[in-house]
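Below is the file entry.cif, which contains mmCIF, C-alpha atoms.
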```
data_input
#
loop_
_atom_site.group_PDB
_atom_site.id
_atom_site.type_symbol
_atom_site.label_atom_id
_atom_site.label_comp_id
_atom_site.auth_asym_id
_atom_site.auth_seq_id
_atom_site.Cartn_x
_atom_site.Cartn_y
_atom_site.Cartn_z
ATOM 1 C CA GLY A 106 0.000 0.000 0.000
ATOM 2 C CA ARG A 107 0.883 3.656 -0.124
ATOM 3 C CA ALA A 108 0.665 6.283 2.564
ATOM 4 C CA LYS A 109 1.183 10.019 2.888
ATOM 5 C CA LEU A 110 3.284 11.435 5.722
ATOM 6 C CA ILE A 111 1.223 13.717 7.954
ATOM 7 C CA THR A 112 3.746 14.484 10.668
ATOM 8 C CA ILE A 113 6.786 13.016 12.372
ATOM 9 C CA LEU A 114 5.852 12.230 15.954
ATOM 10 C CA ARG A 115 9.339 11.412 17.217
ATOM 11 C CA GLU A 116 12.824 10.662 15.909
ATOM 12 C CA LYS A 117 14.533 8.876 18.827
ATOM 13 C CA PRO A 118 15.171 6.060 19.526
ATOM 14 C CA TYR A 119 13.446 5.439 16.153
ATOM 15 C CA PHE A 120 11.241 7.367 13.772
ATOM 16 C CA GLN A 121 7.524 7.335 14.426
ATOM 17 C CA ALA A 122 5.083 9.168 12.200
ATOM 18 C CA ALA A 123 1.424 9.754 11.617
ATOM 19 C CA VAL A 124 0.455 8.725 8.096
ATOM 20 C CA GLU A 125 -2.655 8.739 5.996
ATOM 21 C CA MET A 126 -3.248 5.640 3.915
ATOM 22 C CA ILE A 127 -3.807 6.333 0.239
ATOM 23 C CA PRO A 128 -6.554 4.073 -1.062
ATOM 24 C CA LEU A 129 -5.461 1.745 -3.819
ATOM 25 C CA PRO A 130 -7.232 2.323 -7.120
ATOM 26 C CA GLU A 131 -9.671 -0.342 -8.150
ATOM 27 C CA LYS A 132 -7.964 -3.000 -10.256
ATOM 28 C CA LYS A 133 -9.101 -2.868 -13.852
ATOM 29 C CA GLU A 134 -8.202 -4.950 -16.841
ATOM 30 C CA ASN A 135 -5.145 -3.572 -18.602
ATOM 31 C CA THR A 136 -5.856 -1.392 -21.609
ATOM 32 C CA PRO A 137 -3.815 -1.943 -24.775
ATOM 33 C CA ARG A 138 -1.690 1.120 -23.846
ATOM 34 C CA VAL A 139 -0.969 -0.250 -20.372
ATOM 35 C CA GLU A 140 -0.221 -3.685 -21.823
ATOM 36 C CA ALA A 141 2.244 -2.065 -24.261
ATOM 37 C CA LEU A 142 3.921 -0.241 -21.356
ATOM 38 C CA VAL A 143 4.126 -3.479 -19.373
ATOM 39 C CA ARG A 144 5.716 -5.342 -22.288
ATOM 40 C CA ARG A 145 8.148 -2.496 -22.908
ATOM 41 C CA SER A 146 9.075 -2.619 -19.219
ATOM 42 C CA TYR A 147 9.806 -6.350 -19.463
ATOM 43 C CA THR A 148 12.013 -5.813 -22.516
ATOM 44 C CA LEU A 149 13.924 -2.871 -21.050
ATOM 45 C CA PHE A 150 14.439 -4.613 -17.719
ATOM 46 C CA GLU A 151 15.780 -7.681 -19.530
ATOM 47 C CA GLU A 152 18.256 -5.449 -21.410
ATOM 48 C CA TYR A 153 19.215 -3.786 -18.134
ATOM 49 C CA ILE A 154 19.840 -7.172 -16.485
ATOM 50 C CA ASP A 155 22.113 -8.197 -19.373
ATOM 51 C CA LEU A 156 24.289 -5.099 -18.834
ATOM 52 C CA ALA A 157 24.087 -4.614 -15.068
ATOM 53 C CA PRO A 158 25.751 -6.623 -12.336
ATOM 54 C CA LYS A 159 23.918 -9.908 -12.434
ATOM 55 C CA PRO A 160 20.966 -10.077 -10.045
ATOM 56 C CA THR A 161 19.614 -13.352 -8.780
ATOM 57 C CA PRO A 162 17.845 -15.464 -11.440
ATOM 58 C CA GLU A 163 14.449 -15.142 -9.809
ATOM 59 C CA VAL A 164 14.368 -11.347 -10.278
ATOM 60 C CA MET A 165 13.138 -11.615 -13.865
ATOM 61 C CA THR A 166 10.893 -14.573 -13.011
ATOM 62 C CA ASN A 167 9.167 -12.575 -10.254
ATOM 63 C CA LEU A 168 8.643 -9.679 -12.624
ATOM 64 C CA VAL A 169 7.188 -11.683 -15.503
ATOM 65 C CA ALA A 170 4.866 -13.536 -13.111
ATOM 66 C CA SER A 171 2.756 -10.388 -12.795
ATOM 67 C CA ASP A 172 0.810 -8.254 -15.236
ATOM 68 C CA ASP A 173 -0.113 -5.684 -12.572
ATOM 69 C CA PRO A 174 1.321 -2.312 -13.690
ATOM 70 C CA ASP A 175 1.571 -1.079 -10.065
ATOM 71 C CA TYR A 176 3.633 -4.087 -9.004
ATOM 72 C CA ILE A 177 5.800 -4.056 -12.149
ATOM 73 C CA ALA A 178 6.731 -0.373 -11.809
ATOM 74 C CA ASP A 179 7.522 -0.717 -8.091
ATOM 75 C CA TYR A 180 9.413 -3.987 -8.541
ATOM 76 C CA ILE A 181 11.628 -2.638 -11.319
ATOM 77 C CA ALA A 182 12.344 0.570 -9.402
ATOM 78 C CA GLN A 183 13.316 -1.537 -6.389
ATOM 79 C CA ASN A 184 15.709 -3.733 -8.413
ATOM 80 C CA VAL A 185 17.549 -1.110 -10.463
ATOM 81 C CA LEU A 186 20.678 0.598 -9.161
ATOM 82 C CA ILE A 187 19.602 4.244 -9.303
ATOM 83 C CA ARG A 188 19.611 7.165 -6.886
ATOM 84 C CA HIS A 189 17.110 6.954 -4.066
ATOM 85 C CA THR A 190 15.620 10.283 -5.170
ATOM 86 C CA GLU A 191 14.674 8.745 -8.530
ATOM 87 C CA LYS A 192 13.161 5.728 -6.798
ATOM 88 C CA GLN A 193 11.246 8.066 -4.496
ATOM 89 C CA SER A 194 9.794 10.047 -7.401
ATOM 90 C CA ILE A 195 8.608 6.797 -8.994
ATOM 91 C CA LEU A 196 7.029 5.643 -5.738
ATOM 92 C CA GLU A 197 5.314 9.002 -5.253
ATOM 93 C CA GLU A 198 3.547 8.742 -8.603
ATOM 94 C CA LEU A 199 0.123 7.216 -8.015
ATOM 95 C CA ASP A 200 -0.989 6.681 -11.619
ATOM 96 C CA PRO A 201 0.283 3.276 -12.828
ATOM 97 C CA LYS A 202 0.582 4.381 -16.477
ATOM 98 C CA ARG A 203 2.675 7.431 -15.597
ATOM 99 C CA ARG A 204 4.745 5.358 -13.177
ATOM 100 C CA LEU A 205 5.466 2.749 -15.877
ATOM 101 C CA THR A 206 6.376 5.537 -18.295
ATOM 102 C CA MET A 207 8.788 6.978 -15.709
ATOM 103 C CA VAL A 208 10.302 3.525 -15.117
ATOM 104 C CA ASN A 209 10.741 2.966 -18.856
ATOM 105 C CA ARG A 210 12.478 6.328 -19.313
ATOM 106 C CA MET A 211 14.731 5.575 -16.352
ATOM 107 C CA LEU A 212 15.569 2.128 -17.744
ATOM 108 C CA GLU A 213 16.341 3.544 -21.195
ATOM 109 C CA ARG A 214 18.769 6.049 -19.642
ATOM 110 C CA GLU A 215 20.404 3.397 -17.443
ATOM 111 C CA ILE A 216 20.819 1.078 -20.434
ATOM 112 C CA GLN A 217 22.524 3.893 -22.369
ATOM 113 C CA VAL A 218 24.884 4.615 -19.469
ATOM 114 C CA LEU A 219 25.690 0.942 -18.905
ATOM 115 C CA SER A 220 26.291 0.432 -22.643
ATOM 116 C CA MET A 221 28.735 3.337 -22.678
ATOM 117 C CA GLU A 222 30.502 1.974 -19.595
ATOM 118 C CA GLN A 223 30.721 -1.446 -21.246
ATOM 119 C CA ASN A 224 32.144 0.062 -24.459
ATOM 120 C CA MET A 225 34.789 1.964 -22.504
ATOM 121 C CA ALA A 226 35.733 -1.128 -20.527
ATOM 122 C CA ASP A 227 35.968 -3.158 -23.750
ATOM 123 C CA ARG A 228 38.268 -0.559 -25.341
ATOM 124 C CA VAL A 229 40.520 -0.490 -22.272
ATOM 125 C CA GLN A 230 40.650 -4.293 -22.237
ATOM 126 C CA GLU A 231 41.456 -4.389 -25.948
ATOM 127 C CA GLN A 232 44.268 -1.879 -25.481
ATOM 128 C CA LEU A 233 45.666 -3.823 -22.528
ATOM 129 C CA SER A 234 45.478 -7.042 -24.508
ATOM 130 C CA ARG A 235 47.361 -5.434 -27.385
ATOM 131 C CA HIS A 236 50.136 -4.205 -25.050
ATOM 132 C CA GLN A 237 50.361 -7.588 -23.344
ATOM 133 C CA ARG A 238 50.536 -9.322 -26.728
ATOM 134 C CA ASP A 239 53.347 -6.989 -27.880
ATOM 135 C CA TYR A 240 55.282 -7.597 -24.676
ATOM 136 C CA ILE A 241 54.909 -11.379 -24.933
ATOM 137 C CA LEU A 242 56.015 -11.353 -28.597
ATOM 138 C CA ARG A 243 59.102 -9.265 -27.739
ATOM 139 C CA GLU A 244 60.019 -11.642 -24.948
ATOM 140 C CA GLN A 245 59.544 -14.617 -27.255
ATOM 141 C CA MET A 246 61.807 -12.966 -29.852
ATOM 142 C CA LYS A 247 64.506 -12.505 -27.207
ATOM 143 C CA VAL A 248 64.294 -16.166 -26.238
ATOM 144 C CA ILE A 249 64.409 -17.309 -29.884
ATOM 145 C CA LYS A 250 67.431 -15.077 -30.635
ATOM 146 C CA SER A 251 69.119 -16.383 -27.529
ATOM 147 C CA GLU A 252 68.445 -19.972 -28.593
ATOM 148 C CA LEU A 253 69.866 -19.260 -32.050
ATOM 149 C CA GLY A 254 72.923 -17.543 -30.595
ATOM 150 C CA GLU A 255 71.864 -14.230 -32.112
ATOM 151 C CA THR A 256 72.068 -12.237 -28.921
ATOM 152 C CA ASP A 257 72.446 -8.515 -28.823
ATOM 153 C CA ASP A 258 76.055 -8.995 -27.647
ATOM 154 C CA SER A 259 77.190 -8.004 -31.148
ATOM 155 C CA TYR A 260 75.812 -4.518 -30.508
ATOM 156 C CA GLU A 261 77.653 -4.320 -27.213
ATOM 157 C CA GLU A 262 80.848 -5.375 -28.971
ATOM 158 C CA LEU A 263 80.335 -2.670 -31.622
ATOM 159 C CA ASP A 264 79.807 -0.076 -28.915
ATOM 160 C CA GLN A 265 83.073 -1.154 -27.238
ATOM 161 C CA TYR A 266 85.009 -0.767 -30.525
ATOM 162 C CA ARG A 267 83.438 2.662 -31.101
ATOM 163 C CA GLU A 268 84.546 3.764 -27.649
ATOM 164 C CA LYS A 269 88.083 2.518 -28.336
ATOM 165 C CA ILE A 270 88.203 4.354 -31.679
ATOM 166 C CA ARG A 271 87.040 7.602 -30.061
ATOM 167 C CA ALA A 272 89.616 7.223 -27.323
#
```

In structure tokens, what does this structure look like?
Amino acid sequence: GRAKLITILREKPYFQAAVEMIPLPEKKENTPRVEALVRRSYTLFEEYIDLAPKPTPEVMTNLVASDDPDYIADYIAQNVLIRHTEKQSILEELDPKRRLTMVNRMLEREIQVLSMEQNMADRVQEQLSRHQRDYILREQMKVIKSELGETDDSYEELDQYREKIRA
């Protein structure tokens, strides 16, 4: 249920408040618009789960088990890593359609951010892999030259002769 804060009665040793219960709207059959919002929410949340730190497997199962727009909006808001102020604004919205729309916008933004983070991480990993590969190949070349007796001692010897000539 939802409630509206009337007043805080005390803060210590714990918060106690007077609240007014907000009556739940009568459950109606989902309109095509609401059904479209619900399906879009499923899709976006699935995309979010693919990009975000992996939640428990039952998170998506619990979501898909319901077609109640109120529950879906609240459940997604609860399971997405966003600022508490954003979650609060979603919870404060009483209209299920507007709440689902807010959740979908929030999910779209989070998916964009997570995609960008993933792309940056992939580029860094690719660059690191390239540097590691170059290093390993150089080390392998040194070992092969050493095995073949083609060490860089010849350069040292040349440097010694150059020093002697200059002297």

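Restricting the calculation to all atoms listed in the file, the smallest distance between Asp173 (chain A) and any of A:Ile111, A:Leu196, A:Leu186, A:Val139 is found for A:Val139.
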
Inset, instruction - Let me know the residues the PyMOL selection byres ((chain A and resi 177) around 12) catches in the file above, as a PyMOL selection string. - result: chain A and resi 139-140+142-147+150+164-176+178-184+195-196+201-202+204-209

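In terms of minimum interatomic distance to Asp200 (chain A), A:Leu129 ranks closest within A:Met246, A:Leu129, A:Ala123, A:Glu261, counting all atoms listed in the file.
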
Proximity of region 149-170 of chain A to region 222-233 of chain A: per-residue shortest pair, 12 Å limit, all atoms listed in the file, as JSON lines:
```
{"residue": "A:Asp155", "atom": "CA", "partner": "A:Gln223", "partner_atom": "CA", "distance": 11.1}
{"residue": "A:Leu156", "atom": "CA", "partner": "A:Gln223", "partner_atom": "CA", "distance": 7.8}
{"residue": "A:Ala157", "atom": "CA", "partner": "A:Gln223", "partner_atom": "CA", "distance": 9.6}
{"residue": "A:Pro158", "atom": "CA", "partner": "A:Gln223", "partner_atom": "CA", "distance": 11.4}
```

File dump, residues just selected, C-alpha atoms, as a PDB file, in the frame of the given file:
```pdb
ATOM      1  CA  ASP A 155      22.113  -8.197 -19.373  1.00  0.00           C
ATOM      2  CA  LEU A 156      24.289  -5.099 -18.834  1.00  0.00           C
ATOM      3  CA  ALA A 157      24.087  -4.614 -15.068  1.00  0.00           C
ATOM      4  CA  PRO A 158      25.751  -6.623 -12.336  1.00  0.00           C
TER       5      PRO A 158
END
```

Inset, instruction - For Ile113 (chain A), work out the shell of residues within 9 Å, counting all atoms listed in the file and skipping chain neighbours fewer than 2 positions away, then give it as a PyMOL selection string. - result: chain A and resi 110-111+115-116+120-124

Can you tell me, as lines of an AutoDock Vina configuration file, the centre and edge lengths (Å, one decimal) of the axis-aligned box enclosing all of region 109-114 of chain A's listed atoms after padding each side by 8 Å?
```
center_x = 4.0
center_y = 12.3
center_z = 9.4
size_x = 21.6
size_y = 20.5
size_z = 29.1
```

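The gap separating CA of Lys250 (chain A) from CA of Ser234 (chain A) is 24.2 Å, in Å to one decimal.
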
Inset, instruction - Mind giving me the straight-line distance from CA of Val218 (chain A) to CA of Thr161 (chain A) in Å, one decimal? - result: 21.6 Å

Legend entry - Residue among A:Val248, A:Ile216, A:Ala272, A:Ile127 lying closest to Leu199 (chain A), counting all atoms listed in the file: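 Using all atoms listed in the file, Leu199 (chain A) sits closest to A:Ile127.
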
Inset, instruction - Would you mind reading off the distance between CA of Glu131 (chain A) and CA of Lys192 (chain A), one decimal, in Å? - result: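 Computing the Euclidean distance for CA of Glu131 (chain A) and CA of Lys192 (chain A) yields 23.7 Å.
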
Legend entry - Nearest residue to Thr148 (chain A) from the set A:Glu213, A:His189, A:Asn135, A:Pro130 (distances using all atoms listed in the file):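 Among A:Glu213, A:His189, A:Asn135, A:Pro130, it is A:Glu213 that comes nearest to Thr148 (chain A).
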
For region 245-256 of chain A, where the input has fewer atoms than it should, I would like all heavy atoms rebuilt and written as a PDB file, keeping the file's coordinate frame.
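Contents of out15.pdb, freshly written:
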```pdb
ATOM      1  N   GLN A 245      59.340 -13.399 -26.483  1.00  0.00           N
ATOM      2  CA  GLN A 245      59.544 -14.617 -27.255  1.00  0.00           C
ATOM      3  C   GLN A 245      60.671 -14.433 -28.273  1.00  0.00           C
ATOM      4  O   GLN A 245      61.482 -15.338 -28.484  1.00  0.00           O
ATOM      5  CB  GLN A 245      58.246 -15.025 -27.962  1.00  0.00           C
ATOM      6  CG  GLN A 245      57.208 -15.602 -27.032  1.00  0.00           C
ATOM      7  CD  GLN A 245      55.874 -15.885 -27.722  1.00  0.00           C
ATOM      8  OE1 GLN A 245      55.587 -15.341 -28.794  1.00  0.00           O
ATOM      9  NE2 GLN A 245      55.078 -16.737 -27.099  1.00  0.00           N
ATOM     10  N   MET A 246      60.730 -13.246 -28.898  1.00  0.00           N
ATOM     11  CA  MET A 246      61.807 -12.966 -29.852  1.00  0.00           C
ATOM     12  C   MET A 246      63.165 -13.013 -29.168  1.00  0.00           C
ATOM     13  O   MET A 246      64.138 -13.549 -29.721  1.00  0.00           O
ATOM     14  CB  MET A 246      61.595 -11.598 -30.529  1.00  0.00           C
ATOM     15  CG  MET A 246      60.551 -11.635 -31.625  1.00  0.00           C
ATOM     16  SD  MET A 246      60.237 -10.037 -32.391  1.00  0.00           S
ATOM     17  CE  MET A 246      61.843  -9.597 -33.015  1.00  0.00           C
ATOM     18  N   LYS A 247      63.247 -12.469 -27.961  1.00  0.00           N
ATOM     19  CA  LYS A 247      64.506 -12.505 -27.207  1.00  0.00           C
ATOM     20  C   LYS A 247      64.936 -13.943 -26.953  1.00  0.00           C
ATOM     21  O   LYS A 247      66.103 -14.297 -27.118  1.00  0.00           O
ATOM     22  CB  LYS A 247      64.367 -11.755 -25.881  1.00  0.00           C
ATOM     23  CG  LYS A 247      64.389 -10.266 -25.997  1.00  0.00           C
ATOM     24  CD  LYS A 247      64.251  -9.642 -24.615  1.00  0.00           C
ATOM     25  CE  LYS A 247      64.040  -8.149 -24.688  1.00  0.00           C
ATOM     26  NZ  LYS A 247      63.831  -7.587 -23.350  1.00  0.00           N
ATOM     27  N   VAL A 248      63.982 -14.766 -26.543  1.00  0.00           N
ATOM     28  CA  VAL A 248      64.294 -16.166 -26.238  1.00  0.00           C
ATOM     29  C   VAL A 248      64.744 -16.883 -27.507  1.00  0.00           C
ATOM     30  O   VAL A 248      65.730 -17.635 -27.495  1.00  0.00           O
ATOM     31  CB  VAL A 248      63.067 -16.866 -25.600  1.00  0.00           C
ATOM     32  CG1 VAL A 248      63.272 -18.368 -25.532  1.00  0.00           C
ATOM     33  CG2 VAL A 248      62.801 -16.297 -24.219  1.00  0.00           C
ATOM     34  N   ILE A 249      64.052 -16.656 -28.614  1.00  0.00           N
ATOM     35  CA  ILE A 249      64.409 -17.309 -29.884  1.00  0.00           C
ATOM     36  C   ILE A 249      65.805 -16.878 -30.324  1.00  0.00           C
ATOM     37  O   ILE A 249      66.638 -17.714 -30.700  1.00  0.00           O
ATOM     38  CB  ILE A 249      63.358 -17.000 -30.976  1.00  0.00           C
ATOM     39  CG1 ILE A 249      62.044 -17.710 -30.634  1.00  0.00           C
ATOM     40  CG2 ILE A 249      63.859 -17.428 -32.358  1.00  0.00           C
ATOM     41  CD1 ILE A 249      60.866 -17.279 -31.483  1.00  0.00           C
ATOM     42  N   LYS A 250      66.101 -15.570 -30.259  1.00  0.00           N
ATOM     43  CA  LYS A 250      67.431 -15.077 -30.635  1.00  0.00           C
ATOM     44  C   LYS A 250      68.491 -15.690 -29.733  1.00  0.00           C
ATOM     45  O   LYS A 250      69.577 -16.056 -30.203  1.00  0.00           O
ATOM     46  CB  LYS A 250      67.478 -13.550 -30.555  1.00  0.00           C
ATOM     47  CG  LYS A 250      66.825 -12.875 -31.721  1.00  0.00           C
ATOM     48  CD  LYS A 250      66.958 -11.372 -31.617  1.00  0.00           C
ATOM     49  CE  LYS A 250      66.329 -10.687 -32.803  1.00  0.00           C
ATOM     50  NZ  LYS A 250      66.505  -9.231 -32.732  1.00  0.00           N
ATOM     51  N   SER A 251      68.161 -15.796 -28.470  1.00  0.00           N
ATOM     52  CA  SER A 251      69.119 -16.383 -27.529  1.00  0.00           C
ATOM     53  C   SER A 251      69.379 -17.840 -27.891  1.00  0.00           C
ATOM     54  O   SER A 251      70.520 -18.299 -27.868  1.00  0.00           O
ATOM     55  CB  SER A 251      68.575 -16.260 -26.103  1.00  0.00           C
ATOM     56  OG  SER A 251      69.365 -16.971 -25.203  1.00  0.00           O
ATOM     57  N   GLU A 252      68.316 -18.563 -28.218  1.00  0.00           N
ATOM     58  CA  GLU A 252      68.445 -19.972 -28.593  1.00  0.00           C
ATOM     59  C   GLU A 252      69.268 -20.136 -29.867  1.00  0.00           C
ATOM     60  O   GLU A 252      70.008 -21.103 -30.018  1.00  0.00           O
ATOM     61  CB  GLU A 252      67.070 -20.613 -28.784  1.00  0.00           C
ATOM     62  CG  GLU A 252      66.270 -20.790 -27.514  1.00  0.00           C
ATOM     63  CD  GLU A 252      66.824 -21.854 -26.589  1.00  0.00           C
ATOM     64  OE1 GLU A 252      67.283 -22.900 -27.087  1.00  0.00           O
ATOM     65  OE2 GLU A 252      66.809 -21.617 -25.372  1.00  0.00           O
ATOM     66  N   LEU A 253      69.141 -19.191 -30.786  1.00  0.00           N
ATOM     67  CA  LEU A 253      69.866 -19.260 -32.050  1.00  0.00           C
ATOM     68  C   LEU A 253      71.280 -18.685 -31.944  1.00  0.00           C
ATOM     69  O   LEU A 253      72.036 -18.707 -32.905  1.00  0.00           O
ATOM     70  CB  LEU A 253      69.104 -18.514 -33.158  1.00  0.00           C
ATOM     71  CG  LEU A 253      67.778 -19.128 -33.591  1.00  0.00           C
ATOM     72  CD1 LEU A 253      67.054 -18.199 -34.557  1.00  0.00           C
ATOM     73  CD2 LEU A 253      68.000 -20.486 -34.232  1.00  0.00           C
ATOM     74  N   GLY A 254      71.608 -18.143 -30.774  1.00  0.00           N
ATOM     75  CA  GLY A 254      72.923 -17.543 -30.595  1.00  0.00           C
ATOM     76  C   GLY A 254      73.013 -16.169 -31.216  1.00  0.00           C
ATOM     77  O   GLY A 254      74.096 -15.642 -31.425  1.00  0.00           O
ATOM     78  N   GLU A 255      71.890 -15.578 -31.525  1.00  0.00           N
ATOM     79  CA  GLU A 255      71.864 -14.230 -32.112  1.00  0.00           C
ATOM     80  C   GLU A 255      71.535 -13.210 -31.028  1.00  0.00           C
ATOM     81  O   GLU A 255      70.589 -12.457 -31.129  1.00  0.00           O
ATOM     82  CB  GLU A 255      70.818 -14.162 -33.217  1.00  0.00           C
ATOM     83  CG  GLU A 255      71.080 -15.067 -34.380  1.00  0.00           C
ATOM     84  CD  GLU A 255      69.951 -15.016 -35.392  1.00  0.00           C
ATOM     85  OE1 GLU A 255      69.027 -14.181 -35.251  1.00  0.00           O
ATOM     86  OE2 GLU A 255      69.982 -15.827 -36.322  1.00  0.00           O
ATOM     87  N   THR A 256      72.337 -13.165 -30.012  1.00  0.00           N
ATOM     88  CA  THR A 256      72.068 -12.237 -28.921  1.00  0.00           C
ATOM     89  C   THR A 256      72.484 -10.840 -29.322  1.00  0.00           C
ATOM     90  O   THR A 256      73.173 -10.639 -30.322  1.00  0.00           O
ATOM     91  CB  THR A 256      72.826 -12.664 -27.652  1.00  0.00           C
ATOM     92  OG1 THR A 256      74.221 -12.671 -27.952  1.00  0.00           O
ATOM     93  CG2 THR A 256      72.376 -14.032 -27.174  1.00  0.00           C
TER      94      THR A 256
END
```
